[in-house]
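Q: Here you go, start.txt (compact mmCIF, C-alpha atoms):
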```
# COMPACT_ATOMS: atom_id res chain seq x y z
CA MET N 101 84.02 117.39 87.36
CA ALA N 102 81.44 118.37 89.97
CA ALA N 103 77.84 118.83 88.81
CA PRO N 104 76.50 122.40 88.95
CA SER N 105 74.71 123.24 92.17
CA ALA N 106 70.99 123.89 92.28
CA ALA N 107 71.69 127.58 92.90
CA SER N 108 73.79 127.87 89.75
CA ARG N 109 71.23 126.23 87.46
CA PRO N 110 69.03 129.36 86.97
CA CYS N 111 72.15 131.31 86.01
CA LEU N 112 73.13 128.65 83.48
CA HIS N 113 69.61 128.67 82.08
CA ARG N 114 69.73 132.45 81.64
CA LYS N 115 73.05 132.15 79.80
CA GLU N 116 71.60 129.51 77.48
CA VAL N 117 68.60 131.73 76.73
CA MET N 118 70.89 134.69 76.05
CA ALA N 119 73.07 132.58 73.75
CA ALA N 120 70.01 131.36 71.84
CA ASP N 121 68.72 134.92 71.54
CA ARG N 122 72.11 136.08 70.26
CA GLY N 123 72.04 133.27 67.69
CA ARG N 124 68.62 134.36 66.50
CA ARG N 125 69.83 137.95 66.13
CA ILE N 126 72.80 136.80 64.08
CA LEU N 127 70.48 134.72 61.92
CA GLY N 128 68.33 137.78 61.31
CA VAL N 129 71.28 139.68 59.86
CA CYS N 130 72.07 136.97 57.30
CA GLY N 131 70.42 137.68 53.98
CA MET N 132 67.72 135.64 52.28
CA HIS N 133 68.75 133.78 49.13
CA PRO N 134 68.39 136.09 46.07
CA ASP N 135 66.03 133.62 44.33
CA HIS N 136 63.75 133.61 47.37
CA GLN N 137 63.79 137.41 47.44
CA GLU N 138 62.92 137.50 43.75
CA ALA N 139 60.02 135.04 44.20
CA LEU N 140 58.57 137.25 46.93
CA LYS N 141 59.03 140.38 44.81
CA LYS N 142 57.39 138.90 41.71
CA ASN N 143 54.31 137.95 43.76
CA ARG N 144 54.31 140.99 46.02
CA VAL N 145 51.00 142.49 44.88
CA VAL N 146 49.09 139.21 45.13
CA LEU N 147 50.54 138.50 48.56
CA ALA N 148 49.80 142.02 49.79
CA LYS N 149 46.17 141.64 48.73
CA GLN N 150 45.47 138.07 49.83
CA LEU N 151 47.57 137.25 52.91
CA LEU N 152 45.65 136.48 56.11
CA LEU N 153 47.98 137.37 58.94
CA SER N 154 46.24 136.66 62.25
CA GLU N 155 47.36 133.01 62.55
CA LEU N 156 50.27 133.29 60.12
CA LEU N 157 52.16 135.72 62.38
CA GLU N 158 51.94 133.28 65.28
CA HIS N 159 53.55 130.56 63.19
CA LEU N 160 56.38 132.90 62.15
CA LEU N 161 56.82 133.99 65.77
CA GLU N 162 56.98 130.36 66.92
CA LYS N 163 59.72 129.64 64.35
CA ASP N 164 61.74 132.74 65.43
CA ILE N 165 61.35 134.34 61.99
CA ILE N 166 59.85 137.45 63.56
CA THR N 167 60.02 138.85 67.10
CA LEU N 168 57.24 140.00 69.40
CA GLU N 169 58.18 143.60 68.63
CA MET N 170 57.94 142.94 64.88
CA ARG N 171 54.52 141.33 65.28
CA GLU N 172 53.29 144.35 67.24
CA HIS N 173 54.77 146.72 64.65
CA ILE N 174 52.95 144.87 61.86
CA GLN N 175 49.66 144.80 63.74
CA ALA N 176 49.94 148.53 64.43
CA LYS N 177 49.56 149.26 60.73
CA VAL N 178 46.10 150.37 59.59
CA GLY N 179 44.39 147.88 57.29
CA SER N 180 45.27 144.38 56.16
CA PHE N 181 47.05 145.57 52.99
CA SER N 182 49.45 147.79 54.96
CA GLN N 183 50.09 144.99 57.46
CA ASN N 184 50.86 142.56 54.65
CA VAL N 185 53.24 145.03 53.01
CA GLU N 186 55.09 145.49 56.32
CA LEU N 187 55.57 141.71 56.66
CA LEU N 188 56.81 141.48 53.05
CA ASN N 189 59.32 144.24 53.79
CA LEU N 190 60.62 142.34 56.83
CA LEU N 191 60.88 138.81 55.43
CA PRO N 192 63.96 139.29 53.17
CA LYS N 193 65.94 140.51 56.20
CA ARG N 194 65.04 137.58 58.48
CA GLY N 195 67.67 135.07 57.49
CA PRO N 196 68.16 132.22 55.01
CA GLN N 197 65.39 130.08 56.56
CA ALA N 198 62.69 132.76 56.41
CA PHE N 199 61.35 131.86 52.96
CA ASN N 200 60.87 128.15 53.72
CA ALA N 201 59.33 128.94 57.10
CA PHE N 202 56.95 131.40 55.42
CA CYS N 203 55.88 128.74 52.89
CA VAL N 204 55.27 126.19 55.66
CA ALA N 205 53.26 128.78 57.59
CA LEU N 206 51.13 129.45 54.50
CA ARG N 207 50.41 125.74 54.18
CA GLU N 208 49.55 125.38 57.88
CA THR N 209 47.15 128.34 57.78
CA LYS N 210 45.22 127.02 54.76
CA GLN N 211 46.81 129.46 52.32
CA GLY N 212 48.44 126.77 50.24
CA HIS N 213 47.50 128.50 46.97
CA LEU N 214 49.94 131.29 47.88
CA GLU N 215 52.64 128.75 48.74
CA ASP N 216 52.09 127.08 45.34
CA LEU N 217 52.41 130.46 43.64
CA LEU N 218 55.75 131.17 45.35
CA LEU N 219 57.17 127.70 44.68
CA THR N 220 56.15 127.83 41.01
CA THR N 221 57.87 131.20 40.62
CA LEU N 222 60.95 129.88 42.44
CA SER N 223 61.13 126.86 40.13
CA ASP N 224 60.93 129.12 37.06
CA LEU N 225 63.70 131.33 38.43
CA GLN N 226 66.03 128.43 39.19
CA HIS N 227 65.57 126.94 35.74
CA ALA N 228 66.24 130.32 34.12
CA ILE N 229 69.97 130.20 35.02
CA PRO N 230 71.46 126.88 33.89
CA PRO N 231 74.82 125.81 35.35
CA LEU N 232 77.84 126.68 33.26
CA SER N 233 78.70 123.71 31.06
CA CYS N 234 82.22 122.43 30.51
CA ASP N 235 82.30 123.77 26.96
CA ASN N 236 82.54 127.31 28.37
CA ASP N 237 79.23 128.91 27.47
CA TRP N 238 80.32 132.53 27.86
CA SER N 239 76.77 133.82 27.32
CA LEU N 240 76.06 133.49 31.03
CA PRO N 241 75.69 136.68 33.08
CA PHE N 242 79.05 137.28 34.71
CA PRO N 243 81.54 140.09 33.97
CA MET N 244 82.93 140.14 30.45
CA CYS N 245 85.35 142.42 28.60
CA GLU N 246 83.64 142.53 25.20
CA SER N 247 82.45 146.11 25.80
CA CYS N 248 86.01 147.35 26.15
CA PRO N 249 88.37 145.97 23.45
CA PRO N 250 92.08 145.85 24.30
CA HIS N 251 92.98 149.00 22.41
CA LYS N 252 90.52 151.00 24.51
CA GLN N 253 91.68 149.83 27.94
CA LEU N 254 93.03 152.44 30.31
CA ARG N 255 96.83 152.68 30.38
CA LEU N 256 98.46 154.84 32.98
CA SER N 257 101.58 156.67 31.93
CA PRO N 258 104.66 156.38 34.20
CA ASP N 259 104.26 160.06 35.13
CA ALA N 260 100.64 159.57 36.12
CA VAL N 261 101.36 156.45 38.14
CA GLU N 262 104.12 158.27 40.00
CA HIS N 263 101.59 160.71 41.45
CA SER N 264 98.85 158.18 42.13
CA LEU N 265 98.02 157.29 45.72
CA ASP N 266 98.89 153.65 45.08
CA ASN N 267 102.51 154.68 44.33
CA GLY N 268 102.46 152.76 41.09
CA ASP N 269 102.01 149.30 42.60
CA GLY N 270 98.66 148.82 40.88
CA PRO N 271 98.25 147.30 37.42
CA PRO N 272 99.26 149.56 34.49
CA CYS N 273 96.33 148.22 32.47
CA LEU N 274 92.87 147.59 33.89
CA GLN N 275 91.34 144.29 32.87
CA VAL N 276 88.24 142.44 34.05
CA LYS N 277 88.33 138.69 33.51
CA PRO N 278 85.37 136.30 33.86
CA CYS N 279 85.52 133.72 36.62
CA THR N 280 86.35 130.12 35.81
CA PRO N 281 83.56 127.68 34.87
CA GLU N 282 84.28 125.67 38.03
CA PHE N 283 83.94 128.72 40.28
CA TYR N 284 80.70 129.75 38.59
CA GLN N 285 79.12 126.31 38.97
CA THR N 286 79.78 126.22 42.70
CA HIS N 287 78.95 129.85 43.55
CA TYR N 288 76.25 131.28 41.26
CA GLN N 289 73.36 130.17 43.51
CA LEU N 290 74.90 132.09 46.43
CA ALA N 291 75.42 135.31 44.47
CA TYR N 292 73.15 138.26 43.81
CA ARG N 293 71.42 138.18 40.44
CA LEU N 294 73.18 140.94 38.47
CA GLN N 295 71.53 140.54 35.09
CA SER N 296 70.37 144.07 34.31
CA ARG N 297 72.06 146.11 31.59
CA PRO N 298 73.68 148.17 32.94
CA ARG N 299 74.35 146.12 36.08
CA GLY N 300 73.69 149.27 38.08
CA LEU N 301 74.50 152.93 38.52
CA ALA N 302 77.84 154.01 40.00
CA LEU N 303 78.78 157.40 41.41
CA VAL N 304 82.42 158.45 41.75
CA LEU N 305 82.89 161.66 43.74
CA SER N 306 86.43 163.03 44.02
CA ASN N 307 87.51 166.14 45.93
CA VAL N 308 91.01 167.34 45.01
CA HIS N 309 91.23 171.14 45.49
CA PHE N 310 90.30 172.40 48.98
CA THR N 311 89.59 175.84 50.44
CA GLY N 312 88.32 177.03 53.82
CA GLU N 313 89.80 177.24 57.30
CA LYS N 314 90.89 173.60 57.58
CA ASP N 315 93.90 174.17 55.29
CA LEU N 316 93.44 170.74 53.69
CA GLU N 317 96.15 169.77 51.23
CA PHE N 318 95.74 169.26 47.49
CA ARG N 319 95.12 165.55 46.88
CA SER N 320 97.98 164.68 44.54
CA GLY N 321 97.03 161.77 42.32
CA GLY N 322 93.33 162.13 43.06
CA ASP N 323 92.51 162.64 39.39
CA VAL N 324 94.27 159.37 38.50
CA ASP N 325 92.45 157.46 41.24
CA HIS N 326 89.02 158.67 40.18
CA SER N 327 89.72 158.02 36.48
CA THR N 328 90.87 154.49 37.29
CA LEU N 329 87.72 153.77 39.30
CA VAL N 330 85.51 155.15 36.53
CA THR N 331 87.17 152.85 34.01
CA LEU N 332 86.94 149.84 36.32
CA PHE N 333 83.25 150.32 37.02
CA LYS N 334 82.55 150.71 33.29
CA LEU N 335 84.39 147.46 32.62
CA LEU N 336 82.20 145.80 35.25
CA GLY N 337 79.09 146.93 33.36
CA TYR N 338 78.01 149.98 35.39
CA LYS N 339 76.77 153.33 34.13
CA VAL N 340 79.06 155.82 35.87
CA HIS N 341 78.28 159.33 37.15
CA VAL N 342 81.22 161.58 38.10
CA LEU N 343 81.30 164.54 40.50
CA LEU N 344 84.39 166.67 41.15
CA ASP N 345 85.28 169.16 43.92
CA GLN N 346 82.01 169.42 45.84
CA THR N 347 81.29 171.26 49.10
CA ALA N 348 79.77 169.26 51.96
CA GLN N 349 76.31 170.67 51.17
CA GLU N 350 76.69 169.92 47.46
CA MET N 351 77.83 166.39 48.27
CA GLN N 352 74.73 165.71 50.35
CA GLU N 353 72.35 167.23 47.79
CA LYS N 354 73.87 165.41 44.81
CA LEU N 355 74.10 162.10 46.65
CA GLN N 356 70.42 162.48 47.47
CA ASN N 357 69.63 163.26 43.81
CA PHE N 358 71.63 160.20 42.74
CA ALA N 359 69.80 157.98 45.24
CA GLN N 360 66.44 159.14 43.84
CA LEU N 361 67.23 158.40 40.18
CA PRO N 362 64.38 156.31 38.64
CA ALA N 363 66.93 154.09 36.85
CA HIS N 364 67.67 152.33 40.17
CA ARG N 365 64.29 150.63 39.86
CA VAL N 366 65.36 148.63 36.78
CA THR N 367 68.98 147.92 37.70
CA ASP N 368 70.31 145.27 40.08
CA SER N 369 72.92 147.06 42.22
CA CYS N 370 74.54 150.38 43.09
CA ILE N 371 78.06 151.67 43.79
CA VAL N 372 79.12 154.88 45.54
CA ALA N 373 82.82 155.80 45.71
CA LEU N 374 83.87 158.86 47.75
CA LEU N 375 87.46 160.13 47.47
CA SER N 376 88.50 163.04 49.68
CA HIS N 377 90.10 163.99 52.98
CA GLY N 378 88.24 162.82 56.04
CA VAL N 379 88.09 161.84 59.70
CA GLU N 380 86.67 158.82 61.49
CA GLY N 381 83.03 158.62 60.41
CA GLY N 382 83.09 161.64 58.11
CA ILE N 383 84.40 162.99 54.80
CA TYR N 384 85.35 166.59 53.92
CA GLY N 385 83.87 168.74 51.21
CA VAL N 386 86.18 171.16 49.40
CA ASP N 387 84.94 173.90 51.76
CA GLY N 388 86.47 172.07 54.74
CA LYS N 389 83.08 171.08 56.18
CA LEU N 390 82.26 167.50 57.12
CA LEU N 391 79.60 165.20 55.73
CA GLN N 392 78.89 162.32 58.11
CA LEU N 393 79.05 158.87 56.52
CA GLN N 394 75.96 157.73 58.41
CA GLU N 395 74.05 160.47 56.61
CA VAL N 396 75.37 159.14 53.29
CA PHE N 397 74.24 155.61 54.17
CA ARG N 398 70.84 156.89 55.29
CA LEU N 399 70.19 158.33 51.83
CA PHE N 400 70.33 154.80 50.43
CA ASP N 401 68.44 152.85 53.08
CA ASN N 402 65.10 151.17 52.40
CA ALA N 403 63.04 154.10 53.66
CA SER N 404 64.87 156.78 51.67
CA CYS N 405 65.64 154.73 48.55
CA PRO N 406 62.97 152.04 48.01
CA ASN N 407 64.14 151.47 44.42
CA LEU N 408 67.28 149.80 45.82
CA GLN N 409 65.51 147.70 48.44
CA ASN N 410 66.92 144.14 48.65
CA LYS N 411 69.68 145.02 46.16
CA PRO N 412 73.42 145.15 46.94
CA LYS N 413 74.69 148.65 47.64
CA MET N 414 78.49 149.07 47.81
CA PHE N 415 80.28 152.06 49.33
CA PHE N 416 83.98 152.68 48.74
CA ILE N 417 85.48 155.42 50.92
CA GLN N 418 89.04 156.58 50.22
CA ALA N 419 89.96 159.18 52.83
CA CYS N 420 92.48 159.87 55.55
CA ARG N 421 90.65 159.16 58.82
CA GLY N 422 92.75 161.34 61.10
CA GLY N 423 95.40 160.37 63.63
CA ALA N 424 99.11 159.86 63.09
CA ILE N 425 98.94 158.48 59.59
CA GLY N 426 100.06 161.51 57.60
CA SER N 427 98.47 161.91 54.19
CA LEU N 428 98.02 158.22 53.45
CA GLY N 429 94.72 157.27 51.87
CA HIS N 430 92.56 154.44 53.18
CA LEU N 431 90.16 152.55 50.98
CA LEU N 432 87.26 151.41 53.12
CA LEU N 433 84.47 149.16 51.86
CA PHE N 434 81.02 149.39 53.39
CA THR N 435 78.45 146.94 52.02
CA ALA N 436 74.71 147.06 52.38
CA ALA N 437 74.82 144.07 54.73
CA THR N 438 75.18 146.40 57.71
CA ALA N 439 72.48 147.15 60.23
CA SER N 440 71.92 150.58 58.72
CA LEU N 441 71.47 149.26 55.20
CA ALA N 442 69.50 146.03 55.26
CA LEU N 443 69.51 144.02 52.06
```
Let me see the file written as structure tokens.
A:
Amino acid sequence: MAAPSAASRPCLHRKEVMAADRGRRILGVCGMHPDHQEALKKNRVVLAKQLLLSELLEHLLEKDIITLEMREHIQAKVGSFSQNVELLNLLPKRGPQAFNAFCVALRETKQGHLEDLLLTTLSDLQHAIPPLSCDNDWSLPFPMCESCPPHKQLRLSPDAVEHSLDNGDGPPCLQVKPCTPEFYQTHYQLAYRLQSRPRGLALVLSNVHFTGEKDLEFRSGGDVDHSTLVTLFKLLGYKVHVLLDQTAQEMQEKLQNFAQLPAHRVTDSCIVALLSHGVEGGIYGVDGKLLQLQEVFRLFDNASCPNLQNKPKMFFIQACRGGAIGSLGHLLLFTAATASLAL
């Protein structure tokens, strides 16, 4: 194969630079390990008070943990405390290598006492969750069914299943089983730490009866679907809030109220399930008016809902999205790992 000409080399170099830049952007989307996030959070006040950023930012920039724009954004804040807080807000979103790079940067800028503080906290966290032993120690924090004995599990009658949107192909009895010991041993370090009781707050909003000019049909089986989700989320250890037949304005107001609940501060995750008619990118209130999904997501982002910062936020949207698909429902899952909802 012929070697590239001298004229083509600058073009190849530009492509390599673009590929590297794309790789760095992808890295920035990947989340920091939950233990690393927790170590930063537990030492947040000390770090915000004591960090010296002038040289530290250059080290993080050199290692591609932050960008030039991020450095300028941090330096634009008034006062060292505000600058430190801004960096601490950014770090959990800067990829799986950000924590180690931050610790190295602390050491290289003669702030080793802060590195020691983080590593000591990290060691305590990692020893707090022992691996699951072969004798099946069921006391470990993964989903269990003890809160819902068999005689209290939801059973759907044949008549109810017939009108459900899943056409009866779902299980007649909801059951949540713990994972196997082998799966837990190999995956628990990669998972979010869901140890709070309850594990989080869940909101199930179901619109069934519609009015207005859109002439939207009654959602047959909607009551069964929302009841099934409520039961499932309870089995998974969530405290569930239910809203029925809301206008678009009521949906936005009550979603905002839910996002601002103080209980989010002491729980480890959040679920929002919206069941209604809809179109691409939006969901209908019972008055036939649309609520845009991006507005829903905005209510739970880091700026609007700081109590859920760095915690998993799960959105389940069951709605017809328009087009030639009749009245079929679509269950869409949006996680907080999107650009609009950074973890």
Q: Given only C-alpha atoms as the basis, pick out the residue of N:Ile417, N:Leu336, N:Ile383, N:Leu294 nearest to Asp368 (chain N).
A: N:Leu294
Q: Figure out the distance between CA of Leu157 (chain N) and CA of Arg171 (chain N), please, to one decimal in Å.
A: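 Atom-to-atom, CA of Arg171 (chain N) to CA of Leu157 (chain N), that is 6.7 Å.
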Q: Report the distance between CA of Leu399 (chain N) and CA of Asn307 (chain N) in Å, rounded to one decimal place.
A: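 CA of Leu399 (chain N) sits 19.9 Å away from CA of Asn307 (chain N).
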Q: Using all atoms listed in the file, can you tell me which of N:Ser376, N:Lys163, N:Lys142, N:Lys177 comes closest to Leu217 (chain N)?
A: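 Answer, going by the shortest atom-to-atom distance: N:Lys142.
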Q: Which one of N:Leu305, N:Ala291, N:Leu190, N:Met170 sits closest to Glu350 (chain N) if you count all atoms listed in the file?
A: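 Comparing N:Leu305, N:Ala291, N:Leu190, N:Met170 against Glu350 (chain N), the winner is N:Leu305.
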Q: Considering only C-alpha atoms, can you say which of N:Leu188, N:Leu361, N:Leu151, N:Leu161 comes closest to Leu214 (chain N)?
A: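 Of N:Leu188, N:Leu361, N:Leu151, N:Leu161, the one nearest Leu214 (chain N) is N:Leu151, counting only C-alpha atoms.
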Q: Taking all atoms listed in the file into account, name the residue in N:Asp135, N:Ala302, N:Glu155, N:Phe199 that is nearest to Ser223 (chain N).
A: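 Looking only at the distances to Ser223 (chain N), the closest residue turns out to be N:Asp135.
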Q: Could you check the closest approach to Leu332 (chain N) for each of N:Phe283, N:Lys277, N:Ala348, N:Gly378 and tell me which residue wins, using only C-alpha atoms?
A: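 Nearest candidate to Leu332 (chain N) out of N:Phe283, N:Lys277, N:Ala348, N:Gly378: N:Lys277.
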Q: Between CA of Glu158 (chain N) and CA of Ser180 (chain N), what distance in Å does the model show, to one decimal?
A: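 For CA of Glu158 (chain N) relative to CA of Ser180 (chain N), the distance reads 15.8 Å.
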Q: Would you give the centre and edge lengths, in Å to one decimal, of a box along x, y and z around the listed atoms of region 144-159 of chain N, with 8 Å added to each side, as lines of an AutoDock Vina configuration file?
A:
```
center_x = 49.9
center_y = 136.5
center_z = 55.1
size_x = 24.8
size_y = 27.9
size_z = 36.4
```
